[in-house]
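To keep things clear, I will list the structure first and then write my remarks on it.
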Amino acid sequence: MVPPTQKLPWPQVLLNNMKTLVDLLLLGDPRLYEKCEPVLQTELPLLADWVADMDNVMREIRAKYNFGRAIAAPQLGIMKRLIYMNIDRPIVFINPEFTWLSDEKFELWDDCMSFPNLLVKVARHKKLTINYLDENWQAQEWHMQDDLAELLQHEYDHLEGILCISRAVDPKGFKWRL
Ligand SMILES: [Zn+2]
């Protein structure tokens, strides 16, 4: 069971035009294969709206499909290097970069909100270090492993225009989820 998401720590505005499930880009949309642009510091005033959109769509995905720990901005057509994660608290990753990836990898069945019924067997680095800017434009560094590490690798791929279907370990590494 997915735990309920926590409220965002910063003010939410723009309720009328908030993005919903119908705005989520689905497999086949060419924008999912585009590389995203860095977020500029001058764009920081837009962040609250972007995150509110991502939070709202992730809540709808969880309600419908019972999965979803994070979402990348390009999945909503926001072609920016921005990831929103909410597992036990909301976290934004602005312009994230991996500064270290372990040689050790592990395999898992990956899923994606942009093709919610398809599972893809992929290999991900077991541990990594991610550097990013937070919502206050402060530099952050986080060492993570296992579940979090594979999650951030999946979301980072979205910023590069890469979907997990391109990383299937072999041609039979696909499974339909009922
Ligand atoms: Zn995805």
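Ordering of the structure tokens sets the chain letters (A, B, ...), residue numbers begin anew at 1 in every chain, and ligands are numbered from 1 in the order given.
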>> Need the shell around Tyr84 of chain A: protein/DNA/RNA residues with any atom at most 6 Å away, counting only C-alpha atoms. Skip same-chain ones fewer than 4 positions apart. Format as a PyMOL selection string?
In response: chain A and resi 70-71+91-92
Find the spatial neighbours of Val22 of chain A, counting only C-alpha atoms, within a cut-off of 12 Å - ignore same-chain residues fewer than 4 positions away - and output them as a tab-separated table (two decimals) with N, CA and C atoms, in the first residue's frame.
```tsv
chain	number	residue	atom	x	y	z
A	18	MET	N	-4.49	23.69	-12.56
A	18	MET	CA	-3.56	22.63	-12.18
A	18	MET	C	-3.67	21.45	-13.14
A	26	LEU	N	1.92	10.01	-22.40
A	26	LEU	CA	1.93	8.55	-22.42
A	26	LEU	C	2.88	8.05	-23.50
A	53	ASP	N	1.66	20.88	-9.80
A	53	ASP	CA	1.17	20.06	-10.90
A	53	ASP	C	1.64	18.61	-10.76
A	56	ASN	N	-0.03	16.86	-7.86
A	56	ASN	CA	-1.43	16.54	-8.13
A	56	ASN	C	-1.57	15.31	-9.03
A	57	VAL	N	-0.77	15.27	-10.09
A	57	VAL	CA	-0.85	14.13	-11.01
A	57	VAL	C	-0.39	12.85	-10.32
A	58	MET	N	0.64	12.96	-9.47
A	58	MET	CA	1.11	11.76	-8.78
A	58	MET	C	0.04	11.23	-7.82
A	60	GLU	N	-3.15	11.47	-8.31
A	60	GLU	CA	-4.17	10.83	-9.14
A	60	GLU	C	-3.70	9.46	-9.62
A	61	ILE	N	-2.42	9.36	-9.97
A	61	ILE	CA	-1.85	8.07	-10.38
A	61	ILE	C	-1.95	7.06	-9.24
A	75	GLN	N	7.29	14.48	-17.96
A	75	GLN	CA	6.11	13.62	-18.09
A	75	GLN	C	4.82	14.46	-18.14
A	76	LEU	N	4.92	15.73	-17.72
A	76	LEU	CA	3.78	16.64	-17.82
A	76	LEU	C	4.00	17.67	-18.91
A	77	GLY	N	5.01	17.44	-19.75
A	77	GLY	CA	5.29	18.39	-20.83
A	77	GLY	C	6.07	19.60	-20.37
A	114	SER	N	4.03	6.70	-17.30
A	114	SER	CA	3.69	6.99	-18.70
A	114	SER	C	3.29	5.74	-19.48
```
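Contacts with ligand 1 are defined as any residue atom within 8 Å of a ligand atom, using only C-alpha atoms and all ligand atoms; the residues meeting this criterion are A:Ile71, A:Ala72, A:Gln75, A:Asp111, A:Cys112, A:Met113, A:Ser114, A:Phe115, A:His154, A:Glu155, A:His158, A:Leu163, A:Cys164.
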Any chance you can output those residues with C-alpha atoms as a short mmCIF file (atom, residue, chain, number, x, y, z; two decimals), in the first residue's frame?
```
data_model
loop_
_atom_site.label_atom_id
_atom_site.label_comp_id
_atom_site.auth_asym_id
_atom_site.auth_seq_id
_atom_site.Cartn_x
_atom_site.Cartn_y
_atom_site.Cartn_z
CA ILE A 71 7.61 12.01 -11.27
CA ALA A 72 9.79 13.90 -13.73
CA GLN A 75 6.11 13.62 -18.09
CA ASP A 111 7.35 0.64 -13.81
CA CYS A 112 6.52 4.07 -15.22
CA MET A 113 3.49 6.36 -14.96
CA SER A 114 3.69 6.99 -18.70
CA PHE A 115 2.87 3.30 -19.40
CA HIS A 154 14.61 6.08 -13.60
CA GLU A 155 13.57 9.72 -13.10
CA HIS A 158 13.35 11.00 -18.14
CA LEU A 163 12.49 5.52 -21.05
CA CYS A 164 13.06 2.31 -19.12
#
```
Check segment 127-177 of chain A with DSSP on the backbone and list each residue it calls alpha helix (DSSP H), as an mmCIF file with N, CA and C atoms, in the first residue's frame.
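And here's result_35.cif as it stands now:
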```cif
data_model
loop_
_atom_site.group_PDB
_atom_site.id
_atom_site.type_symbol
_atom_site.label_atom_id
_atom_site.label_comp_id
_atom_site.auth_asym_id
_atom_site.auth_seq_id
_atom_site.Cartn_x
_atom_site.Cartn_y
_atom_site.Cartn_z
ATOM 1 N N ASP A 146 19.846 1.129 -3.351
ATOM 2 C CA ASP A 146 18.698 0.228 -3.508
ATOM 3 C C ASP A 146 17.468 0.954 -4.084
ATOM 4 N N ASP A 147 16.344 0.922 -3.353
ATOM 5 C CA ASP A 147 15.075 1.449 -3.881
ATOM 6 C C ASP A 147 15.176 2.906 -4.334
ATOM 7 N N LEU A 148 15.789 3.743 -3.499
ATOM 8 C CA LEU A 148 15.902 5.161 -3.857
ATOM 9 C C LEU A 148 16.831 5.347 -5.044
ATOM 10 N N ALA A 149 17.929 4.591 -5.055
ATOM 11 C CA ALA A 149 18.902 4.730 -6.141
ATOM 12 C C ALA A 149 18.262 4.363 -7.485
ATOM 13 N N GLU A 150 17.521 3.250 -7.512
ATOM 14 C CA GLU A 150 16.920 2.860 -8.802
ATOM 15 C C GLU A 150 15.826 3.848 -9.207
ATOM 16 N N LEU A 151 15.111 4.392 -8.223
ATOM 17 C CA LEU A 151 14.065 5.368 -8.514
ATOM 18 C C LEU A 151 14.660 6.626 -9.161
ATOM 19 N N LEU A 152 15.722 7.148 -8.570
ATOM 20 C CA LEU A 152 16.308 8.382 -9.115
ATOM 21 C C LEU A 152 16.959 8.139 -10.472
ATOM 22 N N GLN A 153 17.501 6.925 -10.699
ATOM 23 C CA GLN A 153 18.037 6.620 -12.028
ATOM 24 C C GLN A 153 16.923 6.619 -13.070
ATOM 25 N N HIS A 154 15.755 6.086 -12.685
ATOM 26 C CA HIS A 154 14.606 6.083 -13.598
ATOM 27 C C HIS A 154 14.185 7.523 -13.922
ATOM 28 N N GLU A 155 14.053 8.348 -12.884
ATOM 29 C CA GLU A 155 13.569 9.723 -13.099
ATOM 30 C C GLU A 155 14.607 10.555 -13.855
ATOM 31 N N TYR A 156 15.883 10.352 -13.527
ATOM 32 C CA TYR A 156 16.939 11.092 -14.235
ATOM 33 C C TYR A 156 16.912 10.750 -15.726
ATOM 34 N N ASP A 157 16.682 9.483 -16.030
ATOM 35 C CA ASP A 157 16.577 9.079 -17.437
ATOM 36 C C ASP A 157 15.520 9.902 -18.172
ATOM 37 N N HIS A 158 14.394 10.179 -17.502
ATOM 38 C CA HIS A 158 13.355 10.997 -18.140
ATOM 39 C C HIS A 158 13.908 12.356 -18.567
ATOM 40 N N LEU A 159 14.797 12.938 -17.766
ATOM 41 C CA LEU A 159 15.361 14.256 -18.096
ATOM 42 C C LEU A 159 16.249 14.173 -19.329
#
```
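Proximity ranking of A:Leu46, A:Ile87, A:Ile94, A:Met79 relative to Tyr132 of chain A places A:Ile94 first, based on only C-alpha atoms.
Rounded to one decimal, atom CA of Gln138 of chain A and atom CA of Ala48 of chain A lie 15.7 Å from each other.
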>> So that I can see what lies close to Asp103 of chain A, please list as JSON, numbers by chain the residues with an atom at most 12 Å from it, counting only C-alpha atoms and leaving out residues fewer than 6 positions away in the same chain.
In response: {"A": [123, 124, 125, 126, 127, 128]}
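Atom CA of Pro96 of chain A lies 13.5 Å from atom CA of Met144 of chain A.
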> Please, which residues of chain A, numbered as in this document, come out strand (DSSP E) from DSSP, as a VMD selection string?
Replying inline: chain A and resid 70 to 72 82 to 86 90 to 101 105 to 110 118 to 125 127 to 133 139 to 145 174 to 176
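For Arg167 of chain A, the non-local neighbours within 9 Å, defined as residues at least 6 positions apart in the same chain or in other chains and counting only C-alpha atoms, are Val120, Lys121, Val122 and Ala123 of chain A.
Across A:Lys80, A:Ile130, A:Ala73, A:Tyr65, the tightest approach to Glu97 of chain A is made by A:Ile130 when counting only C-alpha atoms.
Distances to Gly173 of chain A were evaluated for A:Ala139, A:Leu24, A:Leu119, A:Cys36 using only C-alpha atoms, and the minimum falls at A:Leu119.
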List as a tab-separated table (two decimals) with C-alpha atoms, in the first residue's frame the protein and nucleic acid residues near Trp137 of chain A, meaning an atom at most 12 Å away when only C-alpha atoms are counted, but skip any in the same chain fewer than 5 places from it.
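Saved the output as result-v6.tsv:
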```tsv
chain	number	residue	atom	x	y	z
A	39	VAL	CA	16.02	25.09	-14.61
A	40	LEU	CA	17.29	28.69	-14.44
A	41	GLN	CA	17.45	30.56	-11.18
A	42	THR	CA	15.21	33.21	-12.73
A	43	GLU	CA	12.57	30.49	-13.18
A	44	LEU	CA	12.40	29.75	-9.46
A	45	PRO	CA	9.11	31.68	-9.09
A	47	LEU	CA	8.65	26.17	-9.23
A	92	VAL	CA	12.37	18.45	-5.31
A	93	PHE	CA	15.54	17.76	-7.26
A	94	ILE	CA	16.48	20.72	-9.47
A	95	ASN	CA	19.15	20.12	-12.15
A	96	PRO	CA	20.27	16.81	-10.58
A	132	TYR	CA	21.05	18.84	-6.96
```
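Taking atom CA of Glu37 of chain A as the reference point, atom CA of Arg81 of chain A is found at 5.9 Å.
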